[in-house]
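Participant: Sharing input06.tsv below, TSV, C-alpha atoms:
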```
chain	number	residue	atom	x	y	z
A	14	MET	CA	-113.11	106.32	-126.85
A	15	ASN	CA	-113.02	109.32	-129.22
A	16	SER	CA	-109.43	108.58	-130.18
A	17	ILE	CA	-110.34	104.99	-131.13
A	18	TRP	CA	-113.11	106.25	-133.43
A	19	ARG	CA	-110.79	108.81	-134.99
A	20	TYR	CA	-108.13	106.14	-135.51
A	21	GLY	CA	-110.70	103.78	-137.05
A	22	LEU	CA	-112.01	106.48	-139.40
A	23	ALA	CA	-108.46	107.42	-140.41
A	24	VAL	CA	-107.64	103.78	-141.20
A	25	LEU	CA	-110.89	103.41	-143.17
A	26	GLY	CA	-110.19	106.60	-145.12
A	27	LEU	CA	-106.66	105.45	-145.92
A	28	ALA	CA	-108.00	102.08	-147.10
A	29	VAL	CA	-110.49	103.80	-149.43
A	30	VAL	CA	-107.78	106.04	-150.88
A	31	LEU	CA	-105.38	103.12	-151.40
A	32	THR	CA	-108.12	101.06	-153.05
A	33	GLY	CA	-108.78	103.93	-155.45
A	34	VAL	CA	-105.08	104.28	-156.27
A	35	VAL	CA	-104.75	100.54	-156.93
A	36	LEU	CA	-107.88	100.57	-159.14
A	37	VAL	CA	-106.64	103.53	-161.17
A	38	ALA	CA	-103.20	101.91	-161.58
A	39	TYR	CA	-104.84	98.64	-162.66
A	40	LEU	CA	-107.05	100.30	-165.25
A	41	HIS	CA	-104.44	102.67	-166.58
A	42	GLY	CA	-101.27	100.59	-166.48
A	43	SER	CA	-98.49	102.96	-167.56
A	44	GLY	CA	-100.49	106.09	-166.83
A	45	GLN	CA	-102.46	106.10	-170.07
A	46	GLY	CA	-105.92	104.62	-169.92
A	47	PRO	CA	-107.53	102.83	-172.82
A	48	ASP	CA	-109.18	104.91	-175.52
A	49	LEU	CA	-112.89	104.64	-174.69
A	50	SER	CA	-114.22	106.39	-177.81
A	51	ARG	CA	-117.17	104.75	-179.55
A	52	THR	CA	-116.21	106.05	-183.01
A	53	ARG	CA	-112.85	105.09	-184.43
A	54	ALA	CA	-110.99	104.79	-187.70
A	55	THR	CA	-109.84	101.27	-188.54
A	56	ALA	CA	-106.15	100.38	-188.21
A	57	ASN	CA	-105.29	101.15	-191.85
A	58	GLY	CA	-107.77	104.00	-192.22
A	59	LEU	CA	-110.10	102.31	-194.73
A	60	PHE	CA	-113.24	102.72	-192.63
A	61	VAL	CA	-114.74	104.73	-189.79
A	62	VAL	CA	-116.69	102.59	-187.33
A	63	ALA	CA	-119.16	103.71	-184.68
A	64	ILE	CA	-120.64	101.27	-182.16
A	65	ARG	CA	-123.27	101.55	-179.45
A	66	PRO	CA	-125.55	99.27	-177.47
A	67	GLN	CA	-129.12	99.41	-178.81
A	68	SER	CA	-130.45	99.79	-175.26
A	69	GLY	CA	-128.25	102.86	-174.79
A	70	ALA	CA	-126.29	101.41	-171.84
A	71	VAL	CA	-123.57	98.80	-171.58
A	72	ARG	CA	-124.76	96.18	-169.11
A	73	VAL	CA	-122.79	93.52	-167.26
A	74	GLY	CA	-124.12	89.97	-167.40
A	75	GLU	CA	-126.83	90.57	-170.01
A	76	LEU	CA	-127.04	89.54	-173.65
A	77	GLN	CA	-127.24	92.70	-175.71
A	78	SER	CA	-127.66	93.81	-179.29
A	79	TRP	CA	-125.40	96.56	-180.56
A	80	GLN	CA	-125.58	98.82	-183.57
A	81	LEU	CA	-122.54	99.24	-185.77
A	82	THR	CA	-122.32	102.10	-188.26
A	83	LEU	CA	-119.71	101.64	-190.97
A	84	THR	CA	-118.59	104.34	-193.39
A	85	THR	CA	-115.64	104.98	-195.67
A	86	LYS	CA	-113.14	107.59	-194.52
A	87	ALA	CA	-114.97	110.00	-196.88
A	88	GLY	CA	-118.24	109.34	-194.99
A	89	ALA	CA	-120.08	107.12	-197.51
A	90	PRO	CA	-122.02	104.19	-195.98
A	91	VAL	CA	-120.39	100.79	-196.46
A	92	GLU	CA	-123.05	98.42	-197.78
A	93	TYR	CA	-123.17	94.66	-197.13
A	94	ALA	CA	-119.79	94.27	-195.45
A	95	ALA	CA	-118.69	91.06	-193.75
A	96	VAL	CA	-117.94	91.83	-190.10
A	97	ASP	CA	-116.23	89.41	-187.71
A	98	VAL	CA	-116.65	90.17	-183.99
A	99	SER	CA	-114.42	88.89	-181.19
A	100	GLY	CA	-113.10	90.22	-177.92
A	101	GLY	CA	-112.22	89.71	-174.31
A	102	MET	CA	-110.41	91.17	-171.31
A	103	PRO	CA	-106.85	92.17	-172.22
A	104	ARG	CA	-105.59	92.16	-168.61
A	105	ASN	CA	-106.51	88.59	-167.74
A	106	SER	CA	-107.03	86.86	-171.11
A	107	ASN	CA	-110.74	86.15	-170.55
A	108	LEU	CA	-112.61	85.85	-173.84
A	109	LEU	CA	-116.17	86.98	-174.43
A	110	PRO	CA	-118.50	84.30	-173.03
A	111	THR	CA	-120.56	84.48	-176.23
A	112	SER	CA	-119.90	84.60	-179.98
A	113	PRO	CA	-121.40	87.89	-181.18
A	114	GLN	CA	-122.36	88.03	-184.84
A	115	VAL	CA	-123.86	90.46	-187.30
A	116	ALA	CA	-127.52	89.46	-187.36
A	117	ASP	CA	-128.94	92.01	-189.78
A	118	TYR	CA	-127.99	94.72	-192.23
A	119	LEU	CA	-130.18	97.75	-191.42
A	120	GLY	CA	-129.25	99.92	-194.41
A	121	GLN	CA	-127.23	103.13	-194.69
A	122	GLY	CA	-124.08	101.34	-193.44
A	123	ARG	CA	-125.78	100.22	-190.20
A	124	TYR	CA	-125.59	96.66	-188.87
A	125	ARG	CA	-127.08	94.91	-185.82
A	126	ILE	CA	-124.73	92.72	-183.79
A	127	ASP	CA	-126.46	90.19	-181.52
A	128	GLY	CA	-124.98	88.16	-178.67
A	129	VAL	CA	-122.70	90.70	-176.97
A	130	LYS	CA	-122.21	89.85	-173.29
A	131	PHE	CA	-119.71	91.18	-170.76
A	132	SER	CA	-119.69	88.67	-167.90
A	133	MET	CA	-117.96	90.80	-165.25
A	134	ARG	CA	-116.75	94.27	-164.44
A	135	GLY	CA	-113.37	95.39	-165.77
A	136	TRP	CA	-111.66	96.38	-169.00
A	137	TRP	CA	-113.12	94.69	-172.09
A	138	GLN	CA	-112.34	94.96	-175.79
A	139	LEU	CA	-114.45	94.29	-178.87
A	140	ARG	CA	-112.41	93.54	-181.99
A	141	LEU	CA	-114.06	93.98	-185.37
A	142	THR	CA	-112.63	92.84	-188.69
A	143	VAL	CA	-114.39	94.38	-191.67
A	144	SER	CA	-114.23	93.06	-195.23
A	145	ALA	CA	-115.94	95.06	-197.98
A	146	ALA	CA	-115.38	96.19	-201.56
A	147	GLN	CA	-112.87	98.77	-200.27
A	148	GLY	CA	-110.71	96.06	-198.64
A	149	SER	CA	-110.24	94.50	-195.20
A	150	ASP	CA	-109.34	96.33	-192.00
A	151	SER	CA	-109.83	96.02	-188.25
A	152	VAL	CA	-110.61	98.14	-185.21
A	153	VAL	CA	-110.61	97.60	-181.43
A	154	PHE	CA	-113.06	99.26	-179.02
A	155	ASN	CA	-112.36	99.49	-175.27
A	156	PHE	CA	-114.97	99.42	-172.51
A	157	VAL	CA	-114.34	99.81	-168.79
A	158	LEU	CA	-117.36	98.52	-166.88
```
Kindly return the structure encoded in the file as structure tokens.

Facilitator:
Amino acid sequence: MNSIWRYGLAVLGLAVVLTGVVLVAYLHGSGQGPDLSRTRATANGLFVVAIRPQSGAVRVGELQSWQLTLTTKAGAPVEYAAVDVSGGMPRNSNLLPTSPQVADYLGQGRYRIDGVKFSMRGWWQLRLTVSAAQGSDSVVFNFVL
């Protein structure tokens, strides 16, 4: 009877290890995982963008408001920019189930984005296109939930 339990535990342990390996491979693809930083320079370097959920935590299945802070590369706040928000899951082509939009300009280069919702666990991206007096540029943020 002891040998059956040992065999069962060994099989269970192997299954857990293999599941972890498959999950890591899925999330990291070629060995490099997505950049999960919440502050990034835009693609052409015109702006620096920081983003965070107002509640402090990214939640699955809940509508959330996020705060976006937008500065020039020199650190000056970008006032009254037009920001387009889109996104989805890059691995399976799911789009965001909502249409997030900038709802309010809070001053000092800070904006409130309403309507962000991640409908399931996995790797998500938020894509922001910023148009301001300095020009237009874009940035992509990655989230693994």

Participant: When you draw a straight line from atom CA of A:Arg72 to atom CA of A:Ser151, how long is it in Å?

Facilitator: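 Distance reported for this atom pair: 24.3 Å.
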
Participant: Can you tell me which residues surround A:Ser144 at a distance of at most 6 Å, considering all atoms listed in the file, apart from same-chain residues fewer than 5 positions away, and format the answer as a compact mmCIF listing (two decimals) with C-alpha atoms, keeping the file's coordinate frame?

Facilitator:
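Result saved to part-v8.txt:
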```txt
# COMPACT_ATOMS: atom_id res chain seq x y z
CA ALA A 94 -119.79 94.27 -195.45
CA ALA A 95 -118.69 91.06 -193.75
CA SER A 149 -110.24 94.50 -195.20
```

Participant: For stretch 50-53 of chain A, find every residue with an atom within 9 Å (counting all atoms listed in the file), except residues of its own chain fewer than 4 positions away, and show them as a PyMOL selection string.

Facilitator: chain A and resi 60-65+82+152-156

Participant: Just to confirm, what's the straight-line distance from atom CA of A:Gly101 to atom CA of A:Leu139 in Å (one decimal)?

Facilitator: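 For atom CA of A:Gly101 relative to atom CA of A:Leu139, the distance reads 6.8 Å.
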
Participant: Counting all atoms listed in the file, find residues at most 12 Å from (-113.5, 85.1, -172.9) (file frame) and give them as a count of residues only.

Facilitator: 23

Participant: Between A:Pro47, A:Gly122, A:Ser68, A:Val115, which is the closest to A:Val157 once you count all atoms listed in the file?

Facilitator: A:Pro47

Participant: Please, which residues are within 7 Å of (-127.5, 86.1, -177.5) by the file's coordinates, counting all atoms listed in the file, and could they come as a PDB file with C-alpha atoms, in the coordinates of the input?

Facilitator:
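Result went into selection-v3.pdb, see below:
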```
ATOM      1  CA  LEU A  76    -127.040  89.540-173.650  1.00  0.00           C
ATOM      2  CA  GLN A  77    -127.240  92.700-175.710  1.00  0.00           C
ATOM      3  CA  ASP A 127    -126.460  90.190-181.520  1.00  0.00           C
ATOM      4  CA  GLY A 128    -124.980  88.160-178.670  1.00  0.00           C
ATOM      5  CA  VAL A 129    -122.700  90.700-176.970  1.00  0.00           C
TER       6      VAL A 129
END
```

Participant: What does the distance from atom CA of A:Asp97 to atom CA of A:Thr142 come to in Å, to one decimal?

Facilitator: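 Distance between the two atoms: 5.1 Å.
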
Participant: Given only C-alpha atoms as the basis, pick out the residue of A:Glu92, A:Val73, A:Gln45, A:Ala56 nearest to A:Leu119.

Facilitator: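 Checking each candidate against A:Leu119, we get A:Glu92 as the closest.
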
Participant: When distances are computed from all atoms listed in the file, which of A:Ala145, A:Tyr93, A:Trp79, A:Thr85 shows the smallest separation from A:Gln114?

Facilitator: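 So, comparing all the options, the nearest one is A:Trp79.
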
Participant: What are the centre and edge lengths in Å, to one decimal, of the axis-aligned box around all listed atoms of stretch 62-75 of chain A with 6 Å added on each side, as AutoDock Vina command-line options?

Facilitator:
```
--center_x -123.6 --center_y 96.8 --center_z -177.3 --size_x 25.8 --size_y 25.7 --size_z 32.1
```
